[in-house]
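Peer 1: Data: target.pdb, PDB, C-alpha atoms and all ligand atoms.
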```pdb
ATOM      1  CA  MET A   6       2.193 -51.634 -55.542  1.00  0.00           C
ATOM      2  CA  LEU A   7       2.398 -49.896 -52.206  1.00  0.00           C
ATOM      3  CA  LYS A   8       3.459 -46.703 -53.926  1.00  0.00           C
ATOM      4  CA  GLU A   9       0.460 -46.919 -56.263  1.00  0.00           C
ATOM      5  CA  PHE A  10      -1.854 -47.428 -53.352  1.00  0.00           C
ATOM      6  CA  TRP A  11      -0.294 -44.493 -51.543  1.00  0.00           C
ATOM      7  CA  ASN A  12      -0.662 -42.249 -54.628  1.00  0.00           C
ATOM      8  CA  ASP A  13      -4.336 -43.213 -54.951  1.00  0.00           C
ATOM      9  CA  PHE A  14      -4.839 -42.463 -51.302  1.00  0.00           C
ATOM     10  CA  VAL A  15      -3.161 -39.053 -51.538  1.00  0.00           C
ATOM     11  CA  ASN A  16      -5.198 -38.278 -54.663  1.00  0.00           C
ATOM     12  CA  LEU A  17      -8.379 -39.097 -52.853  1.00  0.00           C
ATOM     13  CA  ILE A  18      -7.674 -36.641 -50.078  1.00  0.00           C
ATOM     14  CA  PHE A  19      -5.828 -33.999 -52.087  1.00  0.00           C
ATOM     15  CA  PRO A  20      -7.128 -34.287 -55.632  1.00  0.00           C
ATOM     16  CA  GLU A  21      -5.102 -32.480 -58.241  1.00  0.00           C
ATOM     17  CA  ASN A  22      -6.786 -29.860 -60.341  1.00  0.00           C
ATOM     18  CA  CYS A  23      -6.330 -28.971 -63.972  1.00  0.00           C
ATOM     19  CA  LEU A  24      -3.937 -26.081 -64.236  1.00  0.00           C
ATOM     20  CA  THR A  25      -6.071 -24.173 -66.709  1.00  0.00           C
ATOM     21  CA  CYS A  26      -9.742 -25.018 -66.012  1.00  0.00           C
ATOM     22  CA  ASN A  27      -9.442 -26.164 -62.382  1.00  0.00           C
ATOM     23  CA  GLN A  28     -11.475 -29.376 -62.882  1.00  0.00           C
ATOM     24  CA  ILE A  29     -10.385 -32.307 -60.760  1.00  0.00           C
ATOM     25  CA  LEU A  30      -7.992 -34.491 -62.733  1.00  0.00           C
ATOM     26  CA  SER A  31      -8.533 -38.186 -63.299  1.00  0.00           C
ATOM     27  CA  LYS A  32      -5.887 -40.736 -62.379  1.00  0.00           C
ATOM     28  CA  THR A  33      -4.450 -40.800 -65.878  1.00  0.00           C
ATOM     29  CA  GLU A  34      -4.267 -37.034 -66.324  1.00  0.00           C
ATOM     30  CA  GLN A  35      -1.288 -34.951 -65.301  1.00  0.00           C
ATOM     31  CA  GLN A  36      -1.468 -31.184 -64.722  1.00  0.00           C
ATOM     32  CA  LEU A  37      -3.916 -30.569 -67.585  1.00  0.00           C
ATOM     33  CA  CYS A  38      -7.199 -32.357 -68.219  1.00  0.00           C
ATOM     34  CA  VAL A  39      -7.660 -34.080 -71.577  1.00  0.00           C
ATOM     35  CA  HIS A  40     -10.215 -31.473 -72.609  1.00  0.00           C
ATOM     36  CA  CYS A  41      -7.752 -28.611 -72.047  1.00  0.00           C
ATOM     37  CA  GLN A  42      -4.984 -30.569 -73.769  1.00  0.00           C
ATOM     38  CA  TYR A  43      -7.079 -30.756 -76.936  1.00  0.00           C
ATOM     39  CA  GLU A  44      -8.141 -27.135 -76.626  1.00  0.00           C
ATOM     40  CA  LEU A  45      -4.586 -25.804 -76.460  1.00  0.00           C
ATOM     41  CA  PRO A  46      -4.152 -22.936 -78.919  1.00  0.00           C
ATOM     42  CA  GLU A  47      -1.550 -24.567 -81.156  1.00  0.00           C
ATOM     43  CA  THR A  48       0.030 -22.414 -83.854  1.00  0.00           C
ATOM     44  CA  ASN A  49       0.635 -25.407 -86.194  1.00  0.00           C
ATOM     45  CA  ASP A  50       3.244 -23.185 -87.824  1.00  0.00           C
ATOM     46  CA  PHE A  51       5.586 -26.179 -88.215  1.00  0.00           C
ATOM     47  CA  LYS A  52       3.528 -27.001 -91.314  1.00  0.00           C
ATOM     48  CA  ASP A  53       4.736 -23.844 -93.052  1.00  0.00           C
ATOM     49  CA  LYS A  54       8.490 -23.612 -93.487  1.00  0.00           C
ATOM     50  CA  ASN A  55       8.214 -19.903 -94.228  1.00  0.00           C
ATOM     51  CA  ASN A  56       6.182 -19.095 -91.133  1.00  0.00           C
ATOM     52  CA  GLU A  57       6.358 -15.771 -89.309  1.00  0.00           C
ATOM     53  CA  LEU A  58       8.927 -16.912 -86.753  1.00  0.00           C
ATOM     54  CA  TYR A  59      11.161 -18.350 -89.449  1.00  0.00           C
ATOM     55  CA  GLN A  60      11.041 -15.100 -91.409  1.00  0.00           C
ATOM     56  CA  LYS A  61      11.754 -13.068 -88.293  1.00  0.00           C
ATOM     57  CA  LEU A  62      14.895 -15.040 -87.421  1.00  0.00           C
ATOM     58  CA  ALA A  63      16.192 -16.141 -90.814  1.00  0.00           C
ATOM     59  CA  VAL A  64      17.119 -12.561 -91.770  1.00  0.00           C
ATOM     60  CA  TYR A  65      20.083 -12.806 -89.393  1.00  0.00           C
ATOM     61  CA  PHE A  66      21.205 -16.421 -89.787  1.00  0.00           C
ATOM     62  CA  PRO A  67      20.760 -19.321 -92.140  1.00  0.00           C
ATOM     63  CA  LEU A  68      18.052 -21.312 -90.374  1.00  0.00           C
ATOM     64  CA  GLU A  69      16.779 -24.791 -91.086  1.00  0.00           C
ATOM     65  CA  PHE A  70      13.501 -24.556 -89.247  1.00  0.00           C
ATOM     66  CA  ALA A  71      11.630 -22.435 -86.710  1.00  0.00           C
ATOM     67  CA  ALA A  72       8.299 -23.024 -84.966  1.00  0.00           C
ATOM     68  CA  SER A  73       6.312 -22.139 -81.852  1.00  0.00           C
ATOM     69  CA  TYR A  74       4.043 -24.628 -80.130  1.00  0.00           C
ATOM     70  CA  LEU A  75       1.366 -22.333 -78.683  1.00  0.00           C
ATOM     71  CA  VAL A  76      -0.213 -18.949 -79.258  1.00  0.00           C
ATOM     72  CA  PHE A  77       0.140 -16.625 -76.288  1.00  0.00           C
ATOM     73  CA  THR A  78      -2.872 -14.490 -75.407  1.00  0.00           C
ATOM     74  CA  LYS A  79      -3.515 -12.578 -72.203  1.00  0.00           C
ATOM     75  CA  LEU A  80      -5.550 -14.641 -69.717  1.00  0.00           C
ATOM     76  CA  GLY A  81      -5.535 -17.626 -72.072  1.00  0.00           C
ATOM     77  CA  LYS A  82      -4.424 -21.203 -71.387  1.00  0.00           C
ATOM     78  CA  THR A  83      -0.883 -20.538 -72.608  1.00  0.00           C
ATOM     79  CA  GLN A  84      -0.444 -17.697 -70.150  1.00  0.00           C
ATOM     80  CA  LYS A  85      -1.557 -19.911 -67.264  1.00  0.00           C
ATOM     81  CA  ILE A  86       0.842 -22.655 -68.325  1.00  0.00           C
ATOM     82  CA  LEU A  87       3.776 -20.267 -68.677  1.00  0.00           C
ATOM     83  CA  HIS A  88       2.958 -18.646 -65.363  1.00  0.00           C
ATOM     84  CA  ALA A  89       3.000 -22.015 -63.591  1.00  0.00           C
ATOM     85  CA  LEU A  90       6.209 -22.949 -65.381  1.00  0.00           C
ATOM     86  CA  LYS A  91       8.045 -19.729 -64.591  1.00  0.00           C
ATOM     87  CA  TYR A  92       6.709 -18.581 -61.252  1.00  0.00           C
ATOM     88  CA  HIS A  93       5.041 -21.505 -59.475  1.00  0.00           C
ATOM     89  CA  ASN A  94       7.953 -23.893 -59.213  1.00  0.00           C
ATOM     90  CA  ASN A  95       6.414 -26.232 -61.743  1.00  0.00           C
ATOM     91  CA  PRO A  96       9.022 -27.529 -64.204  1.00  0.00           C
ATOM     92  CA  GLU A  97       6.869 -30.663 -64.739  1.00  0.00           C
ATOM     93  CA  ILE A  98       4.306 -28.778 -66.820  1.00  0.00           C
ATOM     94  CA  GLY A  99       7.140 -27.686 -69.120  1.00  0.00           C
ATOM     95  CA  GLU A 100       8.286 -31.253 -69.525  1.00  0.00           C
ATOM     96  CA  ILE A 101       4.746 -32.517 -70.160  1.00  0.00           C
ATOM     97  CA  ILE A 102       3.897 -30.018 -72.891  1.00  0.00           C
ATOM     98  CA  GLY A 103       7.426 -30.386 -74.304  1.00  0.00           C
ATOM     99  CA  GLN A 104       6.811 -34.082 -74.793  1.00  0.00           C
ATOM    100  CA  TRP A 105       3.407 -33.417 -76.367  1.00  0.00           C
ATOM    101  CA  TYR A 106       5.006 -31.082 -78.891  1.00  0.00           C
ATOM    102  CA  GLY A 107       7.908 -33.461 -79.464  1.00  0.00           C
ATOM    103  CA  ASP A 108       5.417 -36.249 -80.228  1.00  0.00           C
ATOM    104  CA  ILE A 109       3.565 -33.984 -82.666  1.00  0.00           C
ATOM    105  CA  LEU A 110       6.754 -33.028 -84.509  1.00  0.00           C
ATOM    106  CA  TYR A 111       8.066 -36.603 -84.497  1.00  0.00           C
ATOM    107  CA  SER A 112       4.929 -37.945 -86.132  1.00  0.00           C
ATOM    108  CA  ASN A 113       4.779 -35.088 -88.657  1.00  0.00           C
ATOM    109  CA  GLY A 114       8.013 -35.648 -90.514  1.00  0.00           C
ATOM    110  CA  PHE A 115      10.511 -34.350 -87.948  1.00  0.00           C
ATOM    111  CA  GLU A 116      11.912 -37.720 -87.012  1.00  0.00           C
ATOM    112  CA  ASN A 117      15.688 -37.573 -87.440  1.00  0.00           C
ATOM    113  CA  ARG A 118      15.738 -33.874 -88.341  1.00  0.00           C
ATOM    114  CA  PHE A 119      17.738 -32.724 -85.290  1.00  0.00           C
ATOM    115  CA  ASP A 120      20.666 -34.148 -83.323  1.00  0.00           C
ATOM    116  CA  LEU A 121      20.731 -32.145 -80.122  1.00  0.00           C
ATOM    117  CA  ILE A 122      18.510 -29.774 -78.149  1.00  0.00           C
ATOM    118  CA  VAL A 123      20.154 -26.758 -76.507  1.00  0.00           C
ATOM    119  CA  PRO A 124      18.021 -24.500 -74.306  1.00  0.00           C
ATOM    120  CA  VAL A 125      18.502 -20.736 -74.018  1.00  0.00           C
ATOM    121  CA  PRO A 126      20.326 -20.494 -70.673  1.00  0.00           C
ATOM    122  CA  LEU A 127      19.172 -18.503 -67.688  1.00  0.00           C
ATOM    123  CA  HIS A 128      21.595 -16.242 -65.891  1.00  0.00           C
ATOM    124  CA  PRO A 129      23.062 -18.143 -62.902  1.00  0.00           C
ATOM    125  CA  LYS A 130      21.482 -15.631 -60.497  1.00  0.00           C
ATOM    126  CA  LYS A 131      18.026 -16.277 -61.916  1.00  0.00           C
ATOM    127  CA  LEU A 132      18.662 -20.011 -62.019  1.00  0.00           C
ATOM    128  CA  LYS A 133      19.499 -19.923 -58.334  1.00  0.00           C
ATOM    129  CA  ILE A 134      16.253 -18.127 -57.493  1.00  0.00           C
ATOM    130  CA  ARG A 135      13.996 -20.258 -59.725  1.00  0.00           C
ATOM    131  CA  GLY A 136      15.864 -23.500 -59.189  1.00  0.00           C
ATOM    132  CA  TYR A 137      15.512 -24.611 -62.814  1.00  0.00           C
ATOM    133  CA  ASN A 138      15.621 -23.290 -66.351  1.00  0.00           C
ATOM    134  CA  GLN A 139      12.065 -23.267 -67.735  1.00  0.00           C
ATOM    135  CA  SER A 140      13.298 -23.606 -71.329  1.00  0.00           C
ATOM    136  CA  ALA A 141      15.340 -26.660 -70.334  1.00  0.00           C
ATOM    137  CA  ALA A 142      12.254 -28.181 -68.662  1.00  0.00           C
ATOM    138  CA  PHE A 143      10.391 -27.849 -71.966  1.00  0.00           C
ATOM    139  CA  GLY A 144      13.490 -29.058 -73.835  1.00  0.00           C
ATOM    140  CA  LYS A 145      13.667 -32.181 -71.668  1.00  0.00           C
ATOM    141  CA  GLY A 146      10.159 -33.226 -72.726  1.00  0.00           C
ATOM    142  CA  LEU A 147      10.761 -32.176 -76.320  1.00  0.00           C
ATOM    143  CA  ALA A 148      13.905 -34.345 -76.411  1.00  0.00           C
ATOM    144  CA  LYS A 149      11.886 -37.355 -75.200  1.00  0.00           C
ATOM    145  CA  GLY A 150       9.233 -36.830 -77.881  1.00  0.00           C
ATOM    146  CA  LEU A 151      11.816 -36.383 -80.641  1.00  0.00           C
ATOM    147  CA  LYS A 152      13.932 -39.249 -79.265  1.00  0.00           C
ATOM    148  CA  ILE A 153      17.115 -37.162 -79.118  1.00  0.00           C
ATOM    149  CA  GLU A 154      19.257 -35.722 -76.321  1.00  0.00           C
ATOM    150  CA  GLN A 155      19.314 -32.324 -74.672  1.00  0.00           C
ATOM    151  CA  GLU A 156      22.587 -30.650 -73.675  1.00  0.00           C
ATOM    152  CA  GLU A 157      21.288 -28.406 -70.924  1.00  0.00           C
ATOM    153  CA  ASN A 158      24.577 -26.540 -70.505  1.00  0.00           C
ATOM    154  CA  GLY A 159      25.461 -26.292 -74.183  1.00  0.00           C
ATOM    155  CA  LEU A 160      25.217 -22.508 -73.897  1.00  0.00           C
ATOM    156  CA  THR A 161      26.193 -20.433 -70.877  1.00  0.00           C
ATOM    157  CA  ARG A 162      25.234 -16.884 -69.984  1.00  0.00           C
ATOM    158  CA  GLN A 163      27.750 -14.294 -68.877  1.00  0.00           C
ATOM    159  CA  LYS A 164      26.367 -11.161 -67.295  1.00  0.00           C
ATOM    160  CA  HIS A 165      23.106 -10.286 -65.642  1.00  0.00           C
ATOM    161  CA  THR A 166      20.611  -8.377 -67.748  1.00  0.00           C
ATOM    162  CA  ASP A 167      18.200  -6.021 -66.034  1.00  0.00           C
ATOM    163  CA  THR A 168      14.531  -6.581 -66.530  1.00  0.00           C
ATOM    164  CA  GLN A 169      13.922  -5.915 -70.187  1.00  0.00           C
ATOM    165  CA  THR A 170      10.358  -4.751 -70.153  1.00  0.00           C
ATOM    166  CA  LYS A 171      10.974  -1.011 -69.807  1.00  0.00           C
ATOM    167  CA  LYS A 172      13.629  -0.794 -72.477  1.00  0.00           C
ATOM    168  CA  THR A 173      13.283   0.176 -76.116  1.00  0.00           C
ATOM    169  CA  LYS A 174      13.833  -2.419 -78.813  1.00  0.00           C
ATOM    170  CA  ILE A 175      17.338  -1.138 -79.614  1.00  0.00           C
ATOM    171  CA  GLU A 176      18.335  -1.026 -75.954  1.00  0.00           C
ATOM    172  CA  ARG A 177      17.115  -4.581 -75.575  1.00  0.00           C
ATOM    173  CA  PHE A 178      19.299  -5.713 -78.445  1.00  0.00           C
ATOM    174  CA  GLN A 179      22.324  -4.002 -76.900  1.00  0.00           C
ATOM    175  CA  ASN A 180      21.506  -5.324 -73.472  1.00  0.00           C
ATOM    176  CA  VAL A 181      21.777  -8.966 -74.432  1.00  0.00           C
ATOM    177  CA  SER A 182      24.758  -8.527 -76.712  1.00  0.00           C
ATOM    178  CA  ASP A 183      27.720 -10.866 -76.211  1.00  0.00           C
ATOM    179  CA  ILE A 184      26.493 -12.547 -73.081  1.00  0.00           C
ATOM    180  CA  PHE A 185      26.163 -16.080 -74.414  1.00  0.00           C
ATOM    181  CA  GLU A 186      28.967 -18.541 -74.861  1.00  0.00           C
ATOM    182  CA  VAL A 187      29.255 -22.065 -76.187  1.00  0.00           C
ATOM    183  CA  ALA A 188      30.577 -24.198 -73.366  1.00  0.00           C
ATOM    184  CA  ASP A 189      32.281 -26.797 -75.571  1.00  0.00           C
ATOM    185  CA  LYS A 190      32.402 -26.217 -79.331  1.00  0.00           C
ATOM    186  CA  SER A 191      33.127 -29.884 -80.071  1.00  0.00           C
ATOM    187  CA  ILE A 192      29.648 -30.794 -78.760  1.00  0.00           C
ATOM    188  CA  ILE A 193      27.970 -28.359 -81.194  1.00  0.00           C
ATOM    189  CA  LYS A 194      30.193 -28.628 -84.269  1.00  0.00           C
ATOM    190  CA  GLY A 195      28.794 -30.693 -87.134  1.00  0.00           C
ATOM    191  CA  LYS A 196      25.415 -31.177 -85.404  1.00  0.00           C
ATOM    192  CA  ARG A 197      21.855 -30.233 -86.235  1.00  0.00           C
ATOM    193  CA  ILE A 198      21.055 -28.064 -83.217  1.00  0.00           C
ATOM    194  CA  LEU A 199      17.540 -27.287 -82.035  1.00  0.00           C
ATOM    195  CA  LEU A 200      17.614 -24.159 -79.874  1.00  0.00           C
ATOM    196  CA  VAL A 201      14.720 -23.931 -77.386  1.00  0.00           C
ATOM    197  CA  ASP A 202      13.249 -20.862 -75.669  1.00  0.00           C
ATOM    198  CA  ASP A 203      10.042 -20.111 -73.752  1.00  0.00           C
ATOM    199  CA  VAL A 204       8.391 -17.076 -75.351  1.00  0.00           C
ATOM    200  CA  ILE A 205       9.644 -15.212 -78.360  1.00  0.00           C
ATOM    201  CA  THR A 206       9.274 -11.436 -78.141  1.00  0.00           C
ATOM    202  CA  THR A 207      11.787  -9.340 -80.081  1.00  0.00           C
ATOM    203  CA  GLY A 208      13.923 -12.308 -81.032  1.00  0.00           C
ATOM    204  CA  ALA A 209      16.995 -10.520 -79.602  1.00  0.00           C
ATOM    205  CA  THR A 210      17.903 -13.251 -77.103  1.00  0.00           C
ATOM    206  CA  ILE A 211      17.459 -16.062 -79.619  1.00  0.00           C
ATOM    207  CA  GLY A 212      19.414 -14.020 -82.171  1.00  0.00           C
ATOM    208  CA  GLU A 213      22.367 -13.741 -79.794  1.00  0.00           C
ATOM    209  CA  CYS A 214      22.282 -17.473 -79.075  1.00  0.00           C
ATOM    210  CA  LEU A 215      22.160 -18.261 -82.798  1.00  0.00           C
ATOM    211  CA  LYS A 216      25.119 -15.953 -83.334  1.00  0.00           C
ATOM    212  CA  VAL A 217      27.396 -17.856 -80.955  1.00  0.00           C
ATOM    213  CA  LEU A 218      26.141 -21.253 -82.135  1.00  0.00           C
ATOM    214  CA  HIS A 219      26.808 -20.181 -85.719  1.00  0.00           C
ATOM    215  CA  GLN A 220      30.465 -19.650 -84.782  1.00  0.00           C
ATOM    216  CA  CYS A 221      30.726 -23.436 -84.363  1.00  0.00           C
ATOM    217  CA  SER A 222      30.235 -23.992 -88.115  1.00  0.00           C
ATOM    218  CA  PRO A 223      29.604 -26.298 -89.780  1.00  0.00           C
ATOM    219  CA  VAL A 224      26.365 -26.420 -87.806  1.00  0.00           C
ATOM    220  CA  SER A 225      22.684 -26.549 -88.718  1.00  0.00           C
ATOM    221  CA  LEU A 226      20.408 -24.315 -86.649  1.00  0.00           C
ATOM    222  CA  SER A 227      16.700 -24.592 -85.848  1.00  0.00           C
ATOM    223  CA  VAL A 228      14.515 -22.925 -83.226  1.00  0.00           C
ATOM    224  CA  VAL A 229      11.479 -24.020 -81.227  1.00  0.00           C
ATOM    225  CA  THR A 230       9.707 -21.865 -78.664  1.00  0.00           C
ATOM    226  CA  ILE A 231       6.887 -22.757 -76.301  1.00  0.00           C
ATOM    227  CA  ALA A 232       4.844 -19.738 -77.300  1.00  0.00           C
ATOM    228  CA  THR A 233       4.584 -16.750 -79.573  1.00  0.00           C
ATOM    229  CA  PRO A 234       2.394 -13.688 -78.946  1.00  0.00           C
ATOM    230  CA  GLN A 235      -0.644 -13.445 -81.188  1.00  0.00           C
TER     231      GLN A 235
HETATM  232 ZN    ZN B 301      -8.801 -28.509 -67.883  1.00  0.00          ZN
END
```
Let me see the structure of the file written as structure tokens.

Peer 2:
Amino acid sequence: MLKEFWNDFVNLIFPENCLTCNQILSKTEQQLCVHCQYELPETNDFKDKNNELYQKLAVYFPLEFAASYLVFTKLGKTQKILHALKYHNNPEIGEIIGQWYGDILYSNGFENRFDLIVPVPLHPKKLKIRGYNQSAAFGKGLAKGLKIEQEENGLTRQKHTDTQTKKTKIERFQNVSDIFEVADKSIIKGKRILLVDDVITTGATIGECLKVLHQCSPVSLSVVTIATPQ
């Protein structure tokens, strides 16, 4: 009761604003206003098993399912959300939208389709700077929505990769090669794993993760990302 009163009081003096449109949020809204929530540019690609992401990744590994929640466009809502998630010390927004997407999947036939969520790991150096893994923040919410667990440290990352933006596609593939490891194969083996990443670009990082997860066969592999470029 006292806590509620205190929160109301703090809200009155320091109202929170919507992360994407800057409107003052109501008491029941968190981070995004309801209007922006409904205006999110969803890909809805989970409705098409043969969607673009699935085709991109399934050439390398037998995949059960692949989907991205949002479309990424420059200066759009998705960019603002990802920016807050990655650079503004805001893991909560990842968890919130993760749960929204988990709820959507759960109520659209994806109940009991996966056993365990495993996020793409950050390099320990980056994790130390950021303080959290943005993909795991999203995965935490997604796990709640899908009513399953997340194993945050299911995969570990070995060596530091330099910033990838200035490299060619082939160099990028080589750069991430063999840096992921499964921490404990017995946790992965025999499970339906849902691998989670933030934004899919070349697919090289996800491909490497799928490769090491695949070594724990029998295992079923699926992928969900927060966003995909338009
Ligand atoms: Zn808004």

Peer 1: Considering all atoms listed in the file, return as a list in words whatever protein or nucleic-acid residues lie within 10 Å of Leu75 in chain A, sequence-local ones (same chain, fewer than 4 positions apart) excluded.

Peer 2: Leu45, Pro46, Glu47, Thr48, Asn49, Asp50, Lys82, Thr83, Gln84, Ile102, Tyr106, Val204, Thr230, Ile231, Ala232, Thr233, Pro234 and Gln235 of chain A

Peer 1: Can you work out the spacing between CA of Thr25 in chain A and CA of Gly103 in chain A in Å, to one decimal?

Peer 2: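 These atoms are spaced 16.7 Å apart.
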
Peer 1: Excluding Ala71 in chain A and residues on its chain fewer than 3 positions from it, collect all residues at most 10 Å away from it, counting only C-alpha atoms, and give them as a list of chain:residue names.

Peer 2: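 So, after excluding close chain neighbours, the residues are A:Asp50, A:Phe51, A:Asp53, A:Lys54, A:Asn55, A:Asn56, A:Glu57, A:Leu58, A:Tyr59, A:Gln60, A:Lys61, A:Leu62, A:Ala63, A:Leu68, A:Leu199, A:Leu200, A:Val201, A:Leu226, A:Ser227, A:Val228, A:Val229, A:Thr230.
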
Peer 1: List every residue of chain A that has an atom at most 12 Å from any atom of ligand ZN 301 (chain B), giving for each one its closest atom pair and the distance in Å to one decimal, counting only C-alpha atoms and all ligand atoms, sorted by chain and then by ascending residue number, as JSON lines.

Peer 2:
```
{"residue": "A:Glu21", "atom": "CA", "partner": "B:ZN301", "partner_atom": "ZN", "distance": 11.1}
{"residue": "A:Asn22", "atom": "CA", "partner": "B:ZN301", "partner_atom": "ZN", "distance": 7.9}
{"residue": "A:Cys23", "atom": "CA", "partner": "B:ZN301", "partner_atom": "ZN", "distance": 4.6}
{"residue": "A:Leu24", "atom": "CA", "partner": "B:ZN301", "partner_atom": "ZN", "distance": 6.5}
{"residue": "A:Thr25", "atom": "CA", "partner": "B:ZN301", "partner_atom": "ZN", "distance": 5.3}
{"residue": "A:Cys26", "atom": "CA", "partner": "B:ZN301", "partner_atom": "ZN", "distance": 4.1}
{"residue": "A:Asn27", "atom": "CA", "partner": "B:ZN301", "partner_atom": "ZN", "distance": 6.0}
{"residue": "A:Gln28", "atom": "CA", "partner": "B:ZN301", "partner_atom": "ZN", "distance": 5.7}
{"residue": "A:Ile29", "atom": "CA", "partner": "B:ZN301", "partner_atom": "ZN", "distance": 8.2}
{"residue": "A:Leu30", "atom": "CA", "partner": "B:ZN301", "partner_atom": "ZN", "distance": 7.9}
{"residue": "A:Ser31", "atom": "CA", "partner": "B:ZN301", "partner_atom": "ZN", "distance": 10.7}
{"residue": "A:Glu34", "atom": "CA", "partner": "B:ZN301", "partner_atom": "ZN", "distance": 9.8}
{"residue": "A:Gln35", "atom": "CA", "partner": "B:ZN301", "partner_atom": "ZN", "distance": 10.2}
{"residue": "A:Gln36", "atom": "CA", "partner": "B:ZN301", "partner_atom": "ZN", "distance": 8.4}
{"residue": "A:Leu37", "atom": "CA", "partner": "B:ZN301", "partner_atom": "ZN", "distance": 5.3}
{"residue": "A:Cys38", "atom": "CA", "partner": "B:ZN301", "partner_atom": "ZN", "distance": 4.2}
{"residue": "A:Val39", "atom": "CA", "partner": "B:ZN301", "partner_atom": "ZN", "distance": 6.8}
{"residue": "A:His40", "atom": "CA", "partner": "B:ZN301", "partner_atom": "ZN", "distance": 5.8}
{"residue": "A:Cys41", "atom": "CA", "partner": "B:ZN301", "partner_atom": "ZN", "distance": 4.3}
{"residue": "A:Gln42", "atom": "CA", "partner": "B:ZN301", "partner_atom": "ZN", "distance": 7.3}
{"residue": "A:Tyr43", "atom": "CA", "partner": "B:ZN301", "partner_atom": "ZN", "distance": 9.5}
{"residue": "A:Glu44", "atom": "CA", "partner": "B:ZN301", "partner_atom": "ZN", "distance": 8.9}
{"residue": "A:Leu45", "atom": "CA", "partner": "B:ZN301", "partner_atom": "ZN", "distance": 9.9}
{"residue": "A:Lys82", "atom": "CA", "partner": "B:ZN301", "partner_atom": "ZN", "distance": 9.2}
{"residue": "A:Lys85", "atom": "CA", "partner": "B:ZN301", "partner_atom": "ZN", "distance": 11.3}
{"residue": "A:Ile86", "atom": "CA", "partner": "B:ZN301", "partner_atom": "ZN", "distance": 11.3}
```

Peer 1: Could you write out as a ChimeraX atom specification the residues that the PyMOL selection byres (((chain A and resi 140) around 10) and not hetatm) matches in the shown file?

Peer 2: /A:90-91,96,99-100,103,123-127,137-139,141-145,157,200-204,230-231

Peer 1: One decimal, in Å: what's the spacing between CA of Lys216 in chain A and CA of Arg118 in chain A?

Peer 2: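 Atom-to-atom, CA of Lys216 in chain A to CA of Arg118 in chain A, that is 20.8 Å.
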
Peer 1: Build an axis-aligned box that encloses every atom of range 192-201 of chain A listed in the file, pad it by 8 Å on each side, and report its centre and edge lengths in Å to one decimal, as AutoDock Vina command-line options.

Peer 2:
```
--center_x 22.5 --center_y -27.6 --center_z -82.3 --size_x 31.5 --size_y 23.2 --size_z 25.7
```

Peer 1: Hey, which of A:Thr207, A:Glu156, A:Arg162, A:Ala148 ends up closest to Ile193 in chain A? Count all atoms listed in the file.

Peer 2: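 Selected residue with least distance to Ile193 in chain A: A:Glu156.
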
Peer 1: Quote the spacing between CA of Thr161 in chain A and CA of Val217 in chain A in Å to one decimal place.

Peer 2: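 Spanning CA of Thr161 in chain A to CA of Val217 in chain A is a straight-line distance of 10.5 Å.
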
Peer 1: Taking only C-alpha atoms into account, name the residue in A:Lys52, A:Lys149, A:His88, A:His219 that is nearest to Lys196 in chain A.

Peer 2: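 Nearest candidate to Lys196 in chain A out of A:Lys52, A:Lys149, A:His88, A:His219: A:His219.
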
Peer 1: Can you pull out every residue within 12 Å of Phe185 in chain A, counting all atoms listed in the file, but drop anything in the same chain fewer than 4 positions away, and send it as a ChimeraX atom specification?

Peer 2: /A:124-128,158-166,180-181,209-218,220

Peer 1: With a distance cut-off of 8 Å and all atoms listed in the file, select the neighbouring residues of Glu154 in chain A, excluding the residue or stretch itself and same-chain residues fewer than 6 positions from it, and output the selection as a list in words.

Peer 2: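 Surrounding residues, per the criterion: Asp120, Leu121, Ile122 and Ala148 of chain A.
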
Peer 1: Please write the residues from the selection above to a file, keeping C-alpha atoms, as an mmCIF file, in the frame of the given file.

Peer 2:
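Output file part30.cif follows:
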```
data_model
loop_
_atom_site.group_PDB
_atom_site.id
_atom_site.type_symbol
_atom_site.label_atom_id
_atom_site.label_comp_id
_atom_site.auth_asym_id
_atom_site.auth_seq_id
_atom_site.Cartn_x
_atom_site.Cartn_y
_atom_site.Cartn_z
ATOM 1 C CA ASP A 120 20.666 -34.148 -83.323
ATOM 2 C CA LEU A 121 20.731 -32.145 -80.122
ATOM 3 C CA ILE A 122 18.510 -29.774 -78.149
ATOM 4 C CA ALA A 148 13.905 -34.345 -76.411
#
```

Peer 1: Using the structure just given, write a file holding N, CA and C atoms for range 140-146 of chain A, as a CSV table (one decimal), in the first residue's frame.

Peer 2:
```csv
chain,number,residue,atom,x,y,z
A,140,SER,N,19.6,-9.8,-25.6
A,140,SER,CA,18.8,-10.9,-26.2
A,140,SER,C,18.2,-11.8,-25.0
A,141,ALA,N,18.9,-11.9,-23.9
A,141,ALA,CA,18.4,-12.6,-22.8
A,141,ALA,C,17.3,-11.8,-22.1
A,142,ALA,N,17.3,-10.5,-22.1
A,142,ALA,CA,16.2,-9.7,-21.6
A,142,ALA,C,15.0,-9.9,-22.4
A,143,PHE,N,15.1,-10.0,-23.7
A,143,PHE,CA,13.9,-10.3,-24.5
A,143,PHE,C,13.5,-11.7,-24.3
A,144,GLY,N,14.5,-12.6,-24.2
A,144,GLY,CA,14.2,-14.1,-23.9
A,144,GLY,C,13.4,-14.3,-22.6
A,145,LYS,N,13.8,-13.5,-21.6
A,145,LYS,CA,13.1,-13.6,-20.3
A,145,LYS,C,11.6,-13.4,-20.4
A,146,GLY,N,11.3,-12.3,-21.2
A,146,GLY,CA,9.8,-12.0,-21.4
A,146,GLY,C,9.2,-13.0,-22.3
```
